[in-house]
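Data from final.cif: mmCIF, C-alpha atoms
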```cif
data_start
loop_
_atom_site.label_atom_id
_atom_site.label_comp_id
_atom_site.auth_asym_id
_atom_site.auth_seq_id
_atom_site.Cartn_x
_atom_site.Cartn_y
_atom_site.Cartn_z
CA MET A 7 -21.99 -90.51 -133.51
CA THR A 8 -22.33 -93.34 -135.98
CA THR A 9 -25.58 -95.25 -135.56
CA ARG A 10 -25.04 -98.69 -134.09
CA ALA A 11 -26.89 -101.51 -135.78
CA VAL A 12 -27.47 -105.11 -134.77
CA VAL A 13 -27.54 -107.31 -137.88
CA LEU A 14 -29.04 -110.81 -137.77
CA LEU A 15 -26.50 -112.95 -139.58
CA SER A 16 -27.26 -116.57 -140.46
CA GLY A 17 -24.51 -116.82 -143.05
CA GLY A 18 -27.00 -117.27 -145.89
CA LEU A 19 -27.30 -115.26 -149.07
CA ASP A 20 -29.97 -112.90 -147.73
CA SER A 21 -28.29 -112.00 -144.44
CA ALA A 22 -24.89 -111.57 -146.15
CA THR A 23 -26.51 -109.06 -148.51
CA THR A 24 -28.27 -107.31 -145.64
CA LEU A 25 -24.96 -106.95 -143.80
CA ALA A 26 -23.37 -105.38 -146.89
CA MET A 27 -26.29 -102.95 -147.26
CA ALA A 28 -26.03 -101.85 -143.62
CA LYS A 29 -22.30 -101.38 -144.07
CA ALA A 30 -22.91 -99.30 -147.21
CA GLU A 31 -25.12 -96.99 -145.12
CA GLY A 32 -22.20 -96.43 -142.75
CA ARG A 33 -23.59 -98.16 -139.70
CA ASP A 34 -21.44 -99.40 -136.82
CA LEU A 35 -22.24 -103.10 -137.15
CA PHE A 36 -22.87 -105.71 -134.46
CA PRO A 37 -23.60 -109.05 -136.17
CA LEU A 38 -25.70 -111.48 -134.11
CA SER A 39 -25.96 -115.20 -134.85
CA PHE A 40 -27.82 -118.00 -133.13
CA ALA A 41 -26.83 -121.51 -132.17
CA TYR A 42 -30.38 -122.79 -131.87
CA GLY A 43 -29.91 -126.52 -132.25
CA GLN A 44 -29.92 -126.36 -136.04
CA ARG A 45 -28.78 -129.63 -137.51
CA HIS A 46 -25.97 -128.03 -139.45
CA GLN A 47 -23.06 -126.25 -137.88
CA SER A 48 -22.20 -125.02 -141.38
CA GLU A 49 -24.54 -122.05 -140.82
CA LEU A 50 -22.46 -120.65 -137.96
CA ASP A 51 -19.21 -121.23 -139.83
CA ALA A 52 -20.65 -119.33 -142.79
CA ALA A 53 -21.77 -116.46 -140.56
CA ARG A 54 -18.21 -116.08 -139.26
CA ARG A 55 -16.75 -116.24 -142.79
CA VAL A 56 -19.20 -113.62 -144.05
CA ALA A 57 -18.42 -111.20 -141.21
CA ALA A 58 -14.67 -111.65 -141.75
CA SER A 59 -14.94 -111.18 -145.50
CA GLN A 60 -16.86 -107.92 -145.05
CA GLY A 61 -14.38 -106.67 -142.45
CA VAL A 62 -16.87 -106.33 -139.59
CA ARG A 63 -16.88 -107.63 -136.00
CA GLU A 64 -17.11 -111.36 -135.43
CA PRO A 65 -20.74 -112.31 -134.71
CA VAL A 66 -21.86 -112.67 -131.13
CA VAL A 67 -23.36 -116.16 -130.98
CA PHE A 68 -26.39 -116.47 -128.75
CA GLU A 69 -27.16 -120.02 -127.68
CA LEU A 70 -30.66 -121.30 -127.19
CA ASP A 71 -31.89 -124.78 -127.77
CA LEU A 72 -35.10 -124.77 -129.79
CA ARG A 73 -34.83 -128.57 -130.01
CA LEU A 74 -36.32 -128.59 -126.52
CA PHE A 75 -39.67 -128.08 -128.23
CA GLY A 76 -39.06 -130.13 -131.39
CA GLY A 77 -41.40 -129.65 -134.29
CA SER A 78 -39.33 -128.55 -137.31
CA ALA A 79 -37.33 -130.21 -140.06
CA LEU A 80 -34.54 -127.72 -139.35
CA THR A 81 -34.10 -128.74 -135.71
CA ALA A 82 -35.55 -132.25 -135.41
CA GLU A 83 -35.26 -135.54 -137.24
CA ILE A 84 -37.83 -134.73 -139.92
CA ASP A 85 -36.91 -135.06 -143.61
CA VAL A 86 -36.33 -131.83 -145.50
CA PRO A 87 -38.69 -131.81 -148.53
CA LYS A 88 -37.09 -131.77 -151.98
CA ASP A 89 -38.21 -130.23 -155.27
CA SER A 90 -41.43 -128.90 -153.77
CA VAL A 91 -40.91 -125.14 -153.61
CA GLY A 92 -44.14 -123.22 -154.12
CA ASP A 93 -46.37 -125.98 -152.80
CA GLU A 94 -49.20 -124.47 -150.81
CA GLY A 95 -49.01 -123.50 -147.17
CA ILE A 96 -46.30 -123.16 -144.60
CA PRO A 97 -43.58 -125.82 -145.08
CA VAL A 98 -42.26 -128.29 -142.47
CA THR A 99 -39.00 -126.36 -142.38
CA TYR A 100 -40.88 -123.63 -140.48
CA VAL A 101 -39.29 -123.31 -137.02
CA PRO A 102 -41.97 -122.19 -134.55
CA ALA A 103 -41.67 -118.47 -133.81
CA ARG A 104 -38.05 -118.41 -134.94
CA ASN A 105 -37.83 -114.86 -136.26
CA THR A 106 -39.86 -113.60 -133.29
CA ILE A 107 -37.41 -115.23 -130.89
CA PHE A 108 -34.41 -113.93 -132.85
CA LEU A 109 -35.79 -110.39 -133.09
CA SER A 110 -36.65 -110.36 -129.38
CA ILE A 111 -33.10 -111.21 -128.44
CA ALA A 112 -31.81 -108.69 -130.97
CA VAL A 113 -33.94 -106.03 -129.29
CA GLY A 114 -32.44 -106.88 -125.90
CA TYR A 115 -28.95 -106.67 -127.39
CA ALA A 116 -29.78 -103.40 -129.17
CA GLU A 117 -31.04 -101.84 -125.94
CA VAL A 118 -27.86 -102.72 -124.09
CA LEU A 119 -25.70 -101.39 -126.96
CA GLY A 120 -27.82 -98.30 -127.47
CA ALA A 121 -28.22 -99.43 -131.09
CA GLY A 122 -30.75 -97.50 -133.14
CA GLU A 123 -31.43 -100.20 -135.71
CA ILE A 124 -31.87 -103.94 -136.14
CA TRP A 125 -31.31 -105.25 -139.68
CA ILE A 126 -32.92 -108.51 -140.76
CA GLY A 127 -32.83 -110.18 -144.17
CA VAL A 128 -36.45 -111.30 -144.38
CA ASN A 129 -37.95 -111.43 -147.84
CA ALA A 130 -41.59 -111.82 -148.86
CA VAL A 131 -41.13 -112.41 -152.58
CA ASP A 132 -38.89 -115.43 -153.32
CA PHE A 133 -39.41 -117.14 -150.00
CA SER A 134 -40.58 -120.45 -148.65
CA GLY A 135 -43.94 -119.25 -147.33
CA TYR A 136 -42.95 -118.49 -143.75
CA PRO A 137 -45.35 -115.98 -142.19
CA ASP A 138 -42.61 -114.20 -140.23
CA CYS A 139 -41.05 -112.78 -143.40
CA ARG A 140 -43.84 -110.39 -144.42
CA PRO A 141 -44.31 -106.63 -144.00
CA ALA A 142 -47.34 -106.96 -141.67
CA TYR A 143 -45.22 -109.05 -139.34
CA VAL A 144 -42.34 -106.57 -139.29
CA GLU A 145 -44.79 -103.73 -138.58
CA ALA A 146 -46.36 -105.70 -135.73
CA PHE A 147 -42.96 -106.37 -134.20
CA GLN A 148 -42.05 -102.70 -134.44
CA ARG A 149 -45.14 -101.96 -132.36
CA VAL A 150 -43.96 -104.44 -129.70
CA ILE A 151 -40.71 -102.46 -129.49
CA ALA A 152 -42.58 -99.16 -129.27
CA THR A 153 -44.89 -100.30 -126.47
CA GLY A 154 -42.81 -102.83 -124.56
CA THR A 155 -39.19 -101.75 -124.35
CA LYS A 156 -37.42 -98.97 -122.49
CA SER A 157 -35.72 -97.65 -125.61
CA GLY A 158 -38.87 -98.01 -127.70
CA VAL A 159 -40.99 -96.07 -125.20
CA GLU A 160 -38.36 -93.37 -124.72
CA THR A 161 -37.05 -92.93 -128.28
CA GLY A 162 -39.08 -95.08 -130.71
CA ARG A 163 -35.91 -97.08 -131.37
CA PRO A 164 -34.56 -99.52 -132.38
CA LEU A 165 -36.04 -99.45 -135.86
CA ILE A 166 -36.30 -102.73 -137.72
CA ARG A 167 -34.69 -102.45 -141.14
CA ALA A 168 -35.73 -105.14 -143.62
CA PRO A 169 -34.24 -103.90 -146.89
CA LEU A 170 -34.83 -107.14 -148.82
CA ILE A 171 -38.49 -107.49 -147.95
CA ASP A 172 -39.89 -106.61 -151.37
CA LEU A 173 -36.96 -107.61 -153.59
CA THR A 174 -36.82 -110.68 -155.84
CA LYS A 175 -33.98 -113.11 -155.21
CA ALA A 176 -32.39 -111.92 -158.46
CA ALA A 177 -32.54 -108.28 -157.33
CA ILE A 178 -30.97 -109.24 -153.99
CA ILE A 179 -28.12 -111.00 -155.78
CA ARG A 180 -27.56 -108.08 -158.15
CA ARG A 181 -27.46 -105.62 -155.25
CA GLY A 182 -25.08 -107.80 -153.25
CA THR A 183 -22.85 -108.32 -156.25
CA GLU A 184 -22.59 -104.52 -156.71
CA LEU A 185 -21.56 -104.29 -153.04
CA GLY A 186 -18.90 -106.96 -153.45
CA VAL A 187 -20.57 -109.75 -151.47
CA ASP A 188 -18.76 -113.06 -151.91
CA TYR A 189 -21.67 -115.51 -152.29
CA GLY A 190 -19.24 -118.43 -152.60
CA ILE A 191 -18.77 -118.41 -148.81
CA THR A 192 -22.45 -118.13 -147.91
CA HIS A 193 -24.56 -121.10 -146.91
CA SER A 194 -28.27 -121.43 -147.70
CA CYS A 195 -28.99 -125.18 -147.99
CA TYR A 196 -31.42 -126.80 -145.54
CA ASP A 197 -29.85 -130.23 -146.02
CA PRO A 198 -26.15 -129.98 -146.86
CA GLY A 199 -23.88 -132.97 -147.58
CA PRO A 200 -21.09 -134.08 -145.22
CA ALA A 201 -18.55 -131.57 -146.57
CA GLY A 202 -21.09 -128.72 -146.50
CA ALA A 203 -22.02 -128.99 -150.20
CA ALA A 204 -25.51 -127.73 -151.05
CA CYS A 205 -28.13 -130.37 -151.90
CA GLY A 206 -29.54 -128.37 -154.81
CA HIS A 207 -33.10 -129.59 -154.22
CA CYS A 208 -34.47 -128.07 -150.99
CA ASP A 209 -36.60 -124.90 -151.16
CA SER A 210 -33.66 -122.75 -150.22
CA CYS A 211 -31.32 -124.21 -152.87
CA ILE A 212 -33.95 -123.95 -155.59
CA LEU A 213 -34.80 -120.30 -154.82
CA ARG A 214 -31.11 -119.46 -154.64
CA ARG A 215 -30.22 -121.19 -157.91
CA ARG A 216 -33.11 -119.55 -159.75
CA GLY A 217 -32.00 -116.20 -158.36
CA PHE A 218 -28.53 -116.49 -159.84
CA GLU A 219 -30.00 -117.55 -163.20
CA GLU A 220 -32.43 -114.62 -163.31
CA ALA A 221 -29.76 -112.17 -162.15
CA GLY A 222 -27.40 -113.32 -164.87
CA VAL A 223 -24.71 -113.82 -162.23
CA ALA A 224 -22.53 -116.95 -162.18
CA ASP A 225 -23.64 -119.24 -159.32
CA PRO A 226 -20.61 -119.89 -157.07
CA THR A 227 -22.48 -122.48 -154.95
CA ARG A 228 -20.77 -125.84 -154.50
CA TYR A 229 -23.47 -128.45 -155.11
CA ALA A 230 -23.26 -132.07 -153.97
CA MET B 1 -60.42 -131.74 -125.90
CA THR B 2 -59.17 -129.67 -123.00
CA THR B 3 -57.40 -126.51 -124.12
CA ARG B 4 -53.67 -126.67 -123.57
CA ALA B 5 -52.10 -123.60 -122.02
CA VAL B 6 -48.48 -122.57 -121.58
CA VAL B 7 -48.10 -120.64 -118.32
CA LEU B 8 -45.05 -118.46 -117.70
CA LEU B 9 -43.99 -119.36 -114.18
CA SER B 10 -41.29 -117.39 -112.37
CA GLY B 11 -42.27 -118.65 -108.93
CA GLY B 12 -43.35 -115.19 -107.79
CA LEU B 13 -46.67 -114.14 -106.31
CA ASP B 14 -48.15 -113.00 -109.63
CA SER B 15 -47.26 -116.05 -111.70
CA ALA B 16 -48.36 -118.42 -108.91
CA THR B 17 -51.77 -116.70 -108.93
CA THR B 18 -51.93 -116.81 -112.72
CA LEU B 19 -51.24 -120.55 -112.67
CA ALA B 20 -54.07 -121.07 -110.18
CA MET B 21 -56.47 -119.01 -112.32
CA ALA B 22 -55.61 -121.03 -115.44
CA LYS B 23 -56.14 -124.22 -113.47
CA ALA B 24 -59.51 -122.94 -112.22
CA GLU B 25 -60.57 -122.48 -115.85
CA GLY B 26 -59.81 -126.15 -116.47
CA ARG B 27 -56.84 -125.76 -118.78
CA ASP B 28 -54.27 -128.50 -119.41
CA LEU B 29 -51.23 -126.68 -118.04
CA PHE B 30 -47.68 -126.55 -119.31
CA PRO B 31 -45.62 -124.32 -116.99
CA LEU B 32 -42.56 -122.71 -118.59
CA SER B 33 -39.70 -121.19 -116.61
CA PHE B 34 -36.47 -119.53 -117.68
CA ALA B 35 -32.91 -119.87 -116.48
CA TYR B 36 -31.76 -116.56 -117.89
CA GLY B 37 -28.71 -115.81 -115.83
CA GLN B 38 -30.71 -114.27 -113.00
CA ARG B 39 -28.54 -113.82 -109.97
CA HIS B 40 -30.80 -115.90 -107.75
CA GLN B 41 -31.48 -119.56 -108.28
CA SER B 42 -34.25 -119.18 -105.68
CA GLU B 43 -36.62 -118.17 -108.48
CA LEU B 44 -36.38 -121.52 -110.25
CA ASP B 45 -36.69 -123.42 -106.99
CA ALA B 46 -39.84 -121.45 -106.21
CA ALA B 47 -41.28 -122.17 -109.67
CA ARG B 48 -40.85 -125.90 -109.07
CA ARG B 49 -42.41 -125.68 -105.60
CA VAL B 50 -45.39 -123.71 -106.90
CA ALA B 51 -46.07 -126.20 -109.70
CA ALA B 52 -45.83 -129.13 -107.27
CA SER B 53 -48.08 -127.48 -104.71
CA GLN B 54 -50.77 -126.84 -107.34
CA GLY B 55 -50.49 -130.40 -108.65
CA VAL B 56 -49.46 -129.50 -112.21
CA ARG B 57 -46.57 -130.63 -114.44
CA GLU B 58 -43.05 -129.69 -113.44
CA PRO B 59 -42.00 -126.56 -115.37
CA VAL B 60 -39.94 -126.97 -118.52
CA VAL B 61 -36.88 -124.80 -117.91
CA PHE B 62 -35.61 -122.99 -120.98
CA GLU B 63 -32.02 -121.82 -120.70
CA LEU B 64 -30.76 -118.65 -122.26
CA ASP B 65 -28.07 -116.41 -120.98
CA LEU B 66 -29.16 -112.79 -120.98
CA ARG B 67 -25.96 -111.91 -119.11
CA LEU B 68 -24.28 -112.04 -122.50
CA PHE B 69 -25.69 -108.57 -123.04
CA GLY B 70 -25.44 -107.26 -119.46
CA GLY B 71 -27.35 -104.16 -118.58
CA SER B 72 -29.72 -104.99 -115.71
CA ALA B 73 -29.58 -105.16 -111.93
CA LEU B 74 -31.30 -108.55 -112.13
CA THR B 75 -28.62 -110.18 -114.29
CA ALA B 76 -25.45 -108.12 -113.78
CA GLU B 77 -23.49 -106.74 -110.84
CA ILE B 78 -25.59 -103.62 -110.39
CA ASP B 79 -27.08 -102.81 -106.95
CA VAL B 80 -30.80 -103.38 -106.57
CA PRO B 81 -32.38 -100.09 -105.41
CA LYS B 82 -34.06 -100.06 -101.99
CA ASP B 83 -37.05 -98.15 -100.63
CA SER B 84 -37.57 -96.31 -103.92
CA VAL B 85 -40.76 -97.81 -105.34
CA GLY B 86 -42.78 -95.29 -107.34
CA ASP B 87 -39.79 -93.17 -108.29
CA GLU B 88 -40.19 -91.93 -111.84
CA GLY B 89 -39.26 -93.83 -114.97
CA ILE B 90 -38.20 -97.36 -115.76
CA PRO B 91 -36.05 -98.83 -112.96
CA VAL B 92 -32.57 -100.38 -113.29
CA THR B 93 -34.11 -103.78 -112.57
CA TYR B 94 -35.58 -103.64 -116.09
CA VAL B 95 -34.12 -106.54 -118.10
CA PRO B 96 -33.95 -105.51 -121.78
CA ALA B 97 -36.83 -107.06 -123.75
CA ARG B 98 -37.32 -109.76 -121.13
CA ASN B 99 -41.06 -110.35 -121.48
CA THR B 100 -40.75 -110.16 -125.28
CA ILE B 101 -38.08 -112.84 -125.24
CA PHE B 102 -40.08 -114.99 -122.80
CA LEU B 103 -43.33 -114.62 -124.77
CA SER B 104 -41.56 -115.41 -128.04
CA ILE B 105 -40.24 -118.67 -126.68
CA ALA B 106 -43.64 -119.42 -125.13
CA VAL B 107 -45.21 -118.95 -128.58
CA GLY B 108 -42.75 -121.44 -130.09
CA TYR B 109 -43.56 -123.92 -127.33
CA ALA B 110 -47.30 -123.33 -127.73
CA GLU B 111 -47.12 -123.97 -131.46
CA VAL B 112 -45.34 -127.27 -130.94
CA LEU B 113 -47.83 -128.33 -128.25
CA GLY B 114 -50.86 -127.08 -130.17
CA ALA B 115 -51.64 -124.94 -127.13
CA GLY B 116 -54.43 -122.39 -127.59
CA GLU B 117 -53.34 -120.03 -124.83
CA ILE B 118 -50.32 -118.48 -123.16
CA TRP B 119 -50.89 -117.17 -119.64
CA ILE B 120 -48.64 -114.45 -118.23
CA GLY B 121 -48.85 -112.67 -114.88
CA VAL B 122 -48.10 -109.14 -116.02
CA ASN B 123 -49.73 -106.37 -114.04
CA ALA B 124 -50.01 -102.69 -114.87
CA VAL B 125 -51.29 -101.39 -111.52
CA ASP B 126 -48.97 -102.23 -108.62
CA PHE B 127 -45.86 -102.70 -110.72
CA SER B 128 -42.35 -101.37 -110.99
CA GLY B 129 -42.85 -99.31 -114.14
CA TYR B 130 -41.74 -101.85 -116.71
CA PRO B 131 -43.24 -101.06 -120.13
CA ASP B 132 -43.73 -104.72 -121.03
CA CYS B 133 -46.47 -105.15 -118.43
CA ARG B 134 -49.13 -102.92 -119.99
CA PRO B 135 -52.23 -103.68 -122.11
CA ALA B 136 -50.89 -101.92 -125.24
CA TYR B 137 -47.85 -104.18 -125.13
CA VAL B 138 -49.90 -107.36 -124.79
CA GLU B 139 -52.10 -106.28 -127.71
CA ALA B 140 -49.04 -105.57 -129.85
CA PHE B 141 -47.59 -108.97 -129.09
CA GLN B 142 -50.89 -110.65 -129.96
CA ARG B 143 -50.60 -109.02 -133.39
CA VAL B 144 -47.12 -110.48 -133.83
CA ILE B 145 -48.62 -113.93 -133.20
CA ALA B 146 -51.45 -113.25 -135.65
CA THR B 147 -49.16 -112.10 -138.46
CA GLY B 148 -45.96 -114.03 -137.86
CA THR B 149 -46.67 -117.56 -136.69
CA LYS B 150 -48.12 -120.60 -138.39
CA SER B 151 -50.76 -121.15 -135.72
CA GLY B 152 -51.57 -117.44 -135.52
CA VAL B 153 -52.10 -117.14 -139.27
CA GLU B 154 -54.14 -120.35 -139.47
CA THR B 155 -56.23 -120.12 -136.27
CA GLY B 156 -55.61 -116.78 -134.53
CA ARG B 157 -54.09 -118.75 -131.63
CA PRO B 158 -52.39 -118.88 -129.19
CA LEU B 159 -54.22 -116.17 -127.28
CA ILE B 160 -52.28 -114.28 -124.62
CA ARG B 161 -54.16 -114.35 -121.33
CA ALA B 162 -53.06 -111.71 -118.82
CA PRO B 163 -55.71 -112.00 -116.08
CA LEU B 164 -53.86 -109.82 -113.54
CA ILE B 165 -53.23 -106.90 -115.84
CA ASP B 166 -55.73 -104.49 -114.27
CA LEU B 167 -55.85 -105.87 -110.71
CA THR B 168 -54.27 -104.27 -107.65
CA LYS B 169 -51.76 -106.38 -105.74
CA ALA B 170 -54.34 -106.74 -102.96
CA ALA B 171 -56.96 -108.02 -105.41
CA ILE B 172 -54.44 -110.51 -106.81
CA ILE B 173 -53.70 -111.80 -103.31
CA ARG B 174 -57.39 -112.08 -102.44
CA ARG B 175 -58.10 -114.02 -105.63
CA GLY B 176 -55.15 -116.33 -105.10
CA THR B 177 -56.10 -116.92 -101.49
CA GLU B 178 -59.61 -117.94 -102.59
CA LEU B 179 -57.99 -120.41 -105.00
CA GLY B 180 -55.78 -121.87 -102.28
CA VAL B 181 -52.44 -120.48 -103.47
CA ASP B 182 -49.70 -121.01 -100.87
CA TYR B 183 -47.85 -117.69 -100.98
CA GLY B 184 -45.38 -118.89 -98.35
CA ILE B 185 -43.53 -120.87 -101.05
CA THR B 186 -43.45 -118.11 -103.65
CA HIS B 187 -40.45 -115.89 -104.21
CA SER B 188 -40.66 -112.25 -105.28
CA CYS B 189 -37.57 -110.52 -103.83
CA TYR B 190 -35.03 -108.99 -106.24
CA ASP B 191 -32.22 -109.25 -103.67
CA PRO B 192 -32.74 -112.20 -101.32
CA GLY B 193 -30.43 -113.10 -98.42
CA PRO B 194 -28.19 -116.19 -98.40
CA ALA B 195 -30.97 -118.53 -97.18
CA GLY B 196 -33.50 -117.08 -99.63
CA ALA B 197 -35.11 -114.68 -97.16
CA ALA B 198 -36.74 -111.61 -98.71
CA CYS B 199 -34.94 -108.28 -98.25
CA GLY B 200 -38.17 -106.38 -97.54
CA HIS B 201 -36.91 -103.20 -99.22
CA CYS B 202 -36.70 -103.74 -103.01
CA ASP B 203 -39.61 -102.65 -105.23
CA SER B 204 -40.93 -106.17 -105.40
CA CYS B 205 -40.88 -106.73 -101.63
CA ILE B 206 -42.53 -103.38 -100.93
CA LEU B 207 -45.35 -103.93 -103.45
CA ARG B 208 -45.87 -107.44 -102.13
CA ARG B 209 -45.95 -106.41 -98.46
CA ARG B 210 -48.38 -103.58 -99.13
CA GLY B 211 -50.58 -106.00 -101.06
CA PHE B 212 -50.93 -108.34 -98.10
CA GLU B 213 -51.72 -105.41 -95.79
CA GLU B 214 -54.38 -104.03 -98.12
CA ALA B 215 -55.86 -107.47 -98.73
CA GLY B 216 -56.12 -108.12 -95.01
CA VAL B 217 -54.31 -111.41 -95.52
CA ALA B 218 -51.47 -112.51 -93.21
CA ASP B 219 -48.12 -112.10 -94.98
CA PRO B 220 -46.35 -115.50 -94.97
CA THR B 221 -43.13 -114.05 -96.45
CA ARG B 222 -39.94 -114.83 -94.55
CA TYR B 223 -38.02 -111.54 -94.31
CA ALA B 224 -34.33 -111.25 -93.57
#
```
Please render this file's structure as structure tokens.
Amino acid sequence: MTTRAVVLLSGGLDSATTLAMAKAEGRDLFPLSFAYGQRHQSELDAARRVAASQGVREPVVFELDLRLFGGSALTAEIDVPKDSVGDEGIPVTYVPARNTIFLSIAVGYAEVLGAGEIWIGVNAVDFSGYPDCRPAYVEAFQRVIATGTKSGVETGRPLIRAPLIDLTKAAIIRRGTELGVDYGITHSCYDPGPAGAACGHCDSCILRRRGFEEAGVADPTRYA
Amino acid sequence: MTTRAVVLLSGGLDSATTLAMAKAEGRDLFPLSFAYGQRHQSELDAARRVAASQGVREPVVFELDLRLFGGSALTAEIDVPKDSVGDEGIPVTYVPARNTIFLSIAVGYAEVLGAGEIWIGVNAVDFSGYPDCRPAYVEAFQRVIATGTKSGVETGRPLIRAPLIDLTKAAIIRRGTELGVDYGITHSCYDPGPAGAACGHCDSCILRRRGFEEAGVADPTRYA
């Protein structure tokens, strides 16, 4: 039987590439997206477009309102910093425990589906400095699955697959391009304009633009 | 400054005792409850009663619909087993990844509050066989906090406090009784009657009833 895999799909460049890599390994794919009170609905629209363009199931959208707690530029009324990528420390766009919350729900979904894998597009090279994107974190979460879930205790599954974790943004873009990913429909900007155009100056836009330059791939992003 | 603590509060016997223990240590308490599609609203009502009776803040109720995934007798239309406590394996009342999801959200809330602790009433002695109630699980989750959250990386906090983990149900009841916990307003039953009366035969009722007997404390539970 084909291995089922839950894939966390935000509709950004990294998760679109991760989805294509899981597909290339022949997995039976169950994309999972979150409506978590993010300021920009464009993310969910992009997730749906990406799934459709890769010919996989429409994402299940799990709703949870992280605005209840406040505390991040991505969910609250805090300005997104511009032209500051690489400044020290964890940026204000950090959403408290976001990947932990998303992975936890993915584990619940995987257990119900009998899925053997959870794919997540975290990356510890060209990233904004979020702690929940690093190998030590992924290993720690795997141990939570092994000790605290029915499927983990009984089978050691689901495994977390993080195939981008040690790739540069350029390498991610090259790999995705080989796999036919349409980056023109992905959405990475933290602060898009009214029609969904990328701002070009937030951490995410800067890392993405540099990635296309270094990869020698034409950047299809629509900038404001 | 008084240490802030998030306390997971289901309104059951264990979480009511945990809340009283955190209060006895002088913490500034932030109870957190979940509306997760459980079949019985009685749980949330009990959580509010318990917080009021101990004179602490009303619980913040975080909504998330675990029914989306199905797969448990506590959220779906599966019969709750009766008179079978201690049978082998993980019971059908297991909700996939429930404590992991709850702890993840508690960590997000703790980070926003600047809370140094998260209290949870898990217990590995008189329990139903859920894997996410054991010390190895709590240790693994602590490592997720240490590696994957801003506050964990910067301060090692929040700490998970699980003061019931190695107590018998009788010892929990004795401790709570010393602290003045009113167990008559708590709710533990997995399958309550129409007016909220306990069934007396699910795992939770049986463990609770035995606990009162062994503690030599009068059982205030209203049985159907």
- Two-atom distance - atom CA of Gly182 of chain A, atom CA of Cys211 of chain A (Å):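 If I compute the distance from atom CA of Gly182 of chain A to atom CA of Cys211 of chain A, I get 17.6 Å.
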- Determine the residue membership of the PyMOL selection byres ((chain B and resi 141) around 8) for the file above and supply it as a ChimeraX atom specification. /A:146-147,150 /B:100,137-140,142-145
Would you mind exporting C-alpha atoms of the selected residues as a short mmCIF file (atom, residue, chain, number, x, y, z; two decimals), in the coordinates of the input?
```
data_model
loop_
_atom_site.label_atom_id
_atom_site.label_comp_id
_atom_site.auth_asym_id
_atom_site.auth_seq_id
_atom_site.Cartn_x
_atom_site.Cartn_y
_atom_site.Cartn_z
CA ALA A 146 -46.36 -105.70 -135.73
CA PHE A 147 -42.96 -106.37 -134.20
CA VAL A 150 -43.96 -104.44 -129.70
CA THR B 100 -40.75 -110.16 -125.28
CA TYR B 137 -47.85 -104.18 -125.13
CA VAL B 138 -49.90 -107.36 -124.79
CA GLU B 139 -52.10 -106.28 -127.71
CA ALA B 140 -49.04 -105.57 -129.85
CA GLN B 142 -50.89 -110.65 -129.96
CA ARG B 143 -50.60 -109.02 -133.39
CA VAL B 144 -47.12 -110.48 -133.83
CA ILE B 145 -48.62 -113.93 -133.20
#
```
- Task: Counting only C-alpha atoms, figure out which residue out of A:Thr153, A:Phe36, A:Ala22, A:Val91 gets nearest to chain B.
- Result: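 Distance minimum relative to chain B lands on A:Thr153.
Checking A:Ser194, A:Ser21, A:Asn129, A:Thr227 one by one against Ser48 of chain A, counting only C-alpha atoms, you find the shortest gap at A:Ser194.
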- Query: Hey, what's within 12 Å of Gly186 of chain A if we count all atoms listed in the file and toss same-chain stuff fewer than 6 positions away? As a PyMOL selection string, please?
  - Reply: chain A and resi 22-23+25-27+29-30+56+59-61+179-180
- In Å, how far is it from atom CA of Arg55 of chain A to atom CA of Asp138 of chain A?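 Between these atoms lies a distance of 26.1 Å.
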- Query: B:Phe212, B:Phe127, B:Tyr109, B:Phe34: which is nearest chain A, counting only C-alpha atoms?
  - Reply: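 Checking each of B:Phe212, B:Phe127, B:Tyr109, B:Phe34 against chain A, counting only C-alpha atoms, the winner is B:Tyr109.
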- Quick one, how far is atom CA of Leu70 of chain A from atom CA of Val61 of chain B?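 Distance reported for this atom pair: 11.7 Å.
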Return as a short mmCIF file (atom, residue, chain, number, x, y, z; two decimals) with C-alpha atoms, in the frame of the given file the set of residues that the PyMOL selection byres ((chain B and resi 124) around 9) yields on the displayed structure.
```
data_model
loop_
_atom_site.label_atom_id
_atom_site.label_comp_id
_atom_site.auth_asym_id
_atom_site.auth_seq_id
_atom_site.Cartn_x
_atom_site.Cartn_y
_atom_site.Cartn_z
CA VAL B 122 -48.10 -109.14 -116.02
CA ASN B 123 -49.73 -106.37 -114.04
CA VAL B 125 -51.29 -101.39 -111.52
CA ASP B 126 -48.97 -102.23 -108.62
CA PHE B 127 -45.86 -102.70 -110.72
CA SER B 128 -42.35 -101.37 -110.99
CA GLY B 129 -42.85 -99.31 -114.14
CA TYR B 130 -41.74 -101.85 -116.71
CA PRO B 131 -43.24 -101.06 -120.13
CA CYS B 133 -46.47 -105.15 -118.43
CA ARG B 134 -49.13 -102.92 -119.99
CA PRO B 135 -52.23 -103.68 -122.11
CA LEU B 164 -53.86 -109.82 -113.54
CA ILE B 165 -53.23 -106.90 -115.84
CA ASP B 166 -55.73 -104.49 -114.27
CA LEU B 167 -55.85 -105.87 -110.71
CA THR B 168 -54.27 -104.27 -107.65
#
```
- Message: Applying 12 Å and all atoms listed in the file, which residues near Gly114 of chain B remain after dropping the ones on its own chain fewer than 5 positions away? List them as a VMD selection string.
- Response: (chain A and resid 75 77 102) or (chain B and resid 1 to 6 28 30 106 to 109 150 to 152 154 to 155 157 to 159)
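Selection result for the displayed file, with the PyMOL selection byres ((chain B and resi 192) around 12) as criterion, is B:Arg39, B:His40, B:Gln41, B:Ser42, B:Glu43, B:Leu74, B:Val80, B:His187, B:Ser188, B:Cys189, B:Tyr190, B:Asp191, B:Gly193, B:Pro194, B:Ala195, B:Gly196, B:Ala197, B:Ala198, B:Cys199, B:Gly200, B:His201, B:Cys202, B:Ser204, B:Cys205, B:Thr221, B:Arg222, B:Tyr223, B:Ala224.
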